[in-house]
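Peer 1: Dumping the structure here so I can ask a few things about it.
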Amino acid sequence: MDNIFSINGPVVKVKASKSFSMQEMVYVGEKRLIGEVIRVTGEFTTIQVYEGTTGLKPGEPVEGTGAPMSATLGPGILDNIFDGIERPLKKLEELSGAFIADGANVTSIDTQKKYNCTITVSVGDKLSAGDIYCTCPETELITHRCMLSPLSQGGEVVWCAPDGEYTVNDTVVKIKTPLGEQELTLCQKWPIRTPRPCKERLPGTRPLITGQRIIDTVLPIAKGGTAAIPGGFGTGKTMTQHQLAKWCDADIIVYIGCGERGNEMTQVLEEFSELIDPHTQRPLTDRTVLIANTSNMPVAAREASIYTGITLAEYYRDMGYHIAIMADSTSRWAEALREISGRLEEMPAEEGFPAYLPSRISEFYERAGYVKTLGGSEGSVTIIGAVSPQGSDFSEPVTQNTKRFVRCFWALDKSLAYARHYPAINWNSSYSEYVGDLEAFYTKNVNADFMQVRQQISSILVEENTLMEIVKLMGTDVLPDDQKLLIETARIVRVGFLQQNAYHKDDTYVPLEKQYLMMKAICDFYSLAQSALAGGAAYQSILDLGWSDKLIKIKYDIPNDKPEMFGEYEKQMTADFKGLTEVA
């Protein structure tokens, strides 16, 4: 056992030790604080401590575990709230009250609870990595599938327990491996910094359907994709992620509150516990994992929380589920890297961040993907990370480096947020590289001309952006009628289509079919109005028909379950414009 030589915040050094290896988990001090070895030299071993080091003294013991920093994976993860190093906060509260005591030793998952298990293998079966040997209902919505760890060599089943109730540490299957007999329980461990392997990475050709119109149609994301939500204070990053977590069609949500304010995390916990999952009518927490690592918690644990969250997501992905990760916010994670780098006296790069910031960001986002698992099923991990650039400056290092590694960029705009336009995603400065990949899905599952209508809506917004430069200088009166019509149509798109009301039952979530019909109605209006102008109708008489306001209110006036009403609107609109053209 070695002793502490120096302490610098969360960074502890041990002198002239040869008993530790890189990324080994260690226990530091008399309180046995959890730490990880991050640097080994001939002179010093440097350890990053994931708990508060207040009261720690030089000379206290440091004990190695011989294993890397790992997450415990098994039934009991869902419907739970963890801190950054996978300690359940409910258990910690029972142990130490409202504030987490240093060195609090609790198991990650409940070892006393019994699960009703069904053994899916029999004696003589061959098991290889990723194969399922036992299932049990973890919540009302999710069946937990216990898989042979990728770290195991596999082998022949020599003993099976009967179906029944077991705890996570009970042996349910025994296999004979080249290294001897191995006992399989309901849980396993996995190093959080190591991506879990898969059989094959597949192209992302299915969208993550969120019910948010600007995302699903204008700036879509594929299942297994990556997206960033950058925005300054008050632009709605957390609100947007809450909305996506509530409504997206992922099987499981992993919400990582990384360095966020305590009141925001409290709001998440309260909201999620009260919400009913719209897809299943069960509590949303039945398919949610929350990792709460607030800004007043030890800074090093922020860095671990991101890896803990992605490891839990990959574990459920390997069962064949589709997972969506909400990381809020990766800027706080980067700030933790910067602080620890400063204490390690590393050479700073741009704005004081460490030179390895881009590689760490890429390592995180590269763990997303749509895959064929080792067990032969399909699963995905979609990562949606919020970025908090100071002063809404998108040129700062975290935003710029994140932009390099994600394929979807939803830039939040302060002026839109202050104008109460939500989601406050700026369609001019945002982009999605998944549009081409998802074309076949939209064409097959929504409508054959979905992409054509979407392109027309996007073109209207682009042309409006160009015309507004002239309008700012000279006003709308100088524009010809066809350009005035385009600006009016763009207003309908912005207010009637892109803006959504989270408090309205028919507007908080909109199915793809209704999204398409809304876009088509706006495009039909634009086409009919252009024809009327060409036929000699006055621009003001087109406005007097009142269809601009009707199309803006269509999101409220037509319920989600009555798409046939769009046909009546289209007939009436066509008749009104026909009458106008005849008068002209």
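We label chains A, B, ... in the order they appear in the structure tokens, count residues from 1 in each chain, and number ligands from 1 in the order shown.
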Just list the residues in region 308-508 of chain A DSSP gives strand (DSSP E) on the backbone, as a list in words.

Peer 2: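 Here is the list: His322, Ile323, Ala324, Ile325, Met326, Ala327, Asp328, Gly369, Tyr370, Val371, Lys372, Glu378, Gly379, Ser380, Val381, Thr382, Ile383, Ile384, Gly385, Ala386, Val387, Cys408, Phe409, Tyr431 and Ser432 of chain A.
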
Peer 1: As a VMD selection string, please: all residues of region 162-241 of chain A that backbone DSSP puts in alpha helix (DSSP H).

Peer 2: chain A and resid 213 237 to 241

Peer 1: Neighbouring residues of Tyr166 (chain A) were defined as those with any atom within 12 Å, considering only C-alpha atoms; residues of the same chain fewer than 2 positions away were excluded. Please report them as a list in words.

Peer 2: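 Listing them by chain and then by number gives Pro75, Asp110, Thr111, Gln112, Lys113, Lys114, Tyr115, Asn116, Cys117, Thr118, Ile119, Cys134, Thr135, Cys136, Ala161, Pro162, Asp163, Gly164, Val168, Asn169, Asp170, Thr171, Val172, Val173, Thr185, Leu186 and Cys187 of chain A.
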
Peer 1: So that I can check the surroundings of region 345-356 of chain A, please list as a VMD selection string every protein, DNA and RNA residue that reaches within 12 Å of it, counting only C-alpha atoms and ignoring chain neighbours fewer than 4 positions away.

Peer 2: chain A and resid 8 11 39 46 331 to 341 360 to 363 390 395 to 398 400 to 401

Peer 1: Just checking: using only C-alpha atoms, which residue out of A:Met69, A:Met565, A:Val387, A:Ile81 ends up closest to Met518 (chain A)?

Peer 2: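 Selected residue with least distance to Met518 (chain A): A:Met565.
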
Peer 1: Give the answer as one residue: which of A:Lys578, A:Lys15, A:Arg287, A:Lys403 has the shortest atom-to-atom distance to Phe272 (chain A), using only C-alpha atoms?

Peer 2: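 Of the candidates, the smallest distance to Phe272 (chain A) is held by A:Arg287.
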
Peer 1: Using only C-alpha atoms, find the one residue out of A:Ser527, A:Gln572, A:Thr311, A:Gln212 that sits nearest to Thr508 (chain A).

Peer 2: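 Checking each of A:Ser527, A:Gln572, A:Thr311, A:Gln212 against Thr508 (chain A), counting only C-alpha atoms, the winner is A:Gln212.
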
Peer 1: For Gly567 (chain A), please output as an NGL selection string all residues within 12 Å (counting only C-alpha atoms; exclusion window: fewer than 5 positions along the same chain).

Peer 2: :A and (514 or 517-518 or 520-521 or 524 or 558 or 562 or 572-574)

Peer 1: Next, write the just-selected residues to a file, as a CSV table (one decimal), in the first residue's frame, keeping N, CA and C atoms as the atom set.

Peer 2:
```csv
chain,number,residue,atom,x,y,z
A,514,LYS,N,-49.0,14.6,-40.1
A,514,LYS,CA,-49.6,15.9,-40.0
A,514,LYS,C,-48.5,17.0,-40.4
A,517,LEU,N,-48.6,17.2,-44.1
A,517,LEU,CA,-49.8,17.9,-44.6
A,517,LEU,C,-49.8,19.4,-44.3
A,518,MET,N,-49.2,19.8,-43.2
A,518,MET,CA,-49.1,21.2,-42.9
A,518,MET,C,-48.2,21.9,-43.9
A,520,LYS,N,-47.5,20.8,-46.9
A,520,LYS,CA,-48.2,20.8,-48.2
A,520,LYS,C,-49.2,21.9,-48.3
A,521,ALA,N,-50.0,22.1,-47.2
A,521,ALA,CA,-51.0,23.2,-47.3
A,521,ALA,C,-50.3,24.6,-47.5
A,524,ASP,N,-49.2,24.7,-51.1
A,524,ASP,CA,-50.4,24.9,-52.0
A,524,ASP,C,-50.8,26.3,-52.0
A,558,ILE,N,-56.7,21.8,-36.4
A,558,ILE,CA,-56.9,20.4,-36.9
A,558,ILE,C,-56.2,19.5,-35.9
A,562,LYS,N,-57.1,13.8,-36.8
A,562,LYS,CA,-58.1,14.0,-37.9
A,562,LYS,C,-57.4,14.7,-39.1
A,572,GLN,N,-61.5,24.2,-49.9
A,572,GLN,CA,-62.0,25.6,-49.7
A,572,GLN,C,-61.0,26.6,-50.2
A,573,MET,N,-59.7,26.4,-49.9
A,573,MET,CA,-58.6,27.3,-50.4
A,573,MET,C,-58.6,27.4,-51.9
A,574,THR,N,-58.7,26.2,-52.6
A,574,THR,CA,-58.7,26.2,-54.0
A,574,THR,C,-59.9,27.0,-54.6
```

Peer 1: Please provide as number ranges by chain all residues within 9 Å of Arg407 (chain A), with the sequence filter that same-chain residues fewer than 4 positions apart are discarded (counting only C-alpha atoms).

Peer 2: A: 221, 225-228, 403, 431-434

Peer 1: Could you jot down the CA of Gly29 (chain A) to CA of Glu260 (chain A) separation for me, Å, one decimal place?

Peer 2: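 CA of Glu260 (chain A) lies 28.4 Å from CA of Gly29 (chain A).
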
Peer 1: Here is a test: counting only C-alpha atoms, which residue of A:Glu378, A:Asp286, A:Asp561, A:Asp413 is nearest to Ser273 (chain A)?

Peer 2: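 Of A:Glu378, A:Asp286, A:Asp561, A:Asp413, the one nearest Ser273 (chain A), counting only C-alpha atoms, is A:Asp286.
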
Peer 1: Excluding Ile487 (chain A) and its own-chain neighbours fewer than 6 positions away, which residues fall within 12 Å of it when counting only C-alpha atoms? Please give them as a list in words.

Peer 2: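 Neighbouring residues, sequence-local ones excluded: Ser459, Ile460, Leu461, Val462, Glu463, Glu464, Asn465, Thr466, Leu467, Met468, Glu469, Ile470, Val471, Gly475, Thr476, Leu479, Pro480, Asp481, Val493, Arg494, Tyr526 and Ser548 of chain A.
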
Peer 1: With only C-alpha atoms as the basis for distance, which of A:Val406, A:Ile457, A:Val510, A:Ile192 is at the shortest distance from Ala490 (chain A)?

Peer 2: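 Ranked by minimum distance to Ala490 (chain A), first place goes to A:Ile457.
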
Peer 1: What is the CA of Thr143 (chain A)-CA of Met319 (chain A) distance in Å, reported with one decimal?

Peer 2: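 Straight-line distance from CA of Thr143 (chain A) to CA of Met319 (chain A) works out to 9.2 Å.
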
Peer 1: Select, from A:Ala534, A:Ile7, A:Val289, A:Ile132, the residue with the minimum atom-to-atom distance to Gly59 (chain A), counting only C-alpha atoms.

Peer 2: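 The closest residue to Gly59 (chain A) is A:Ile7.
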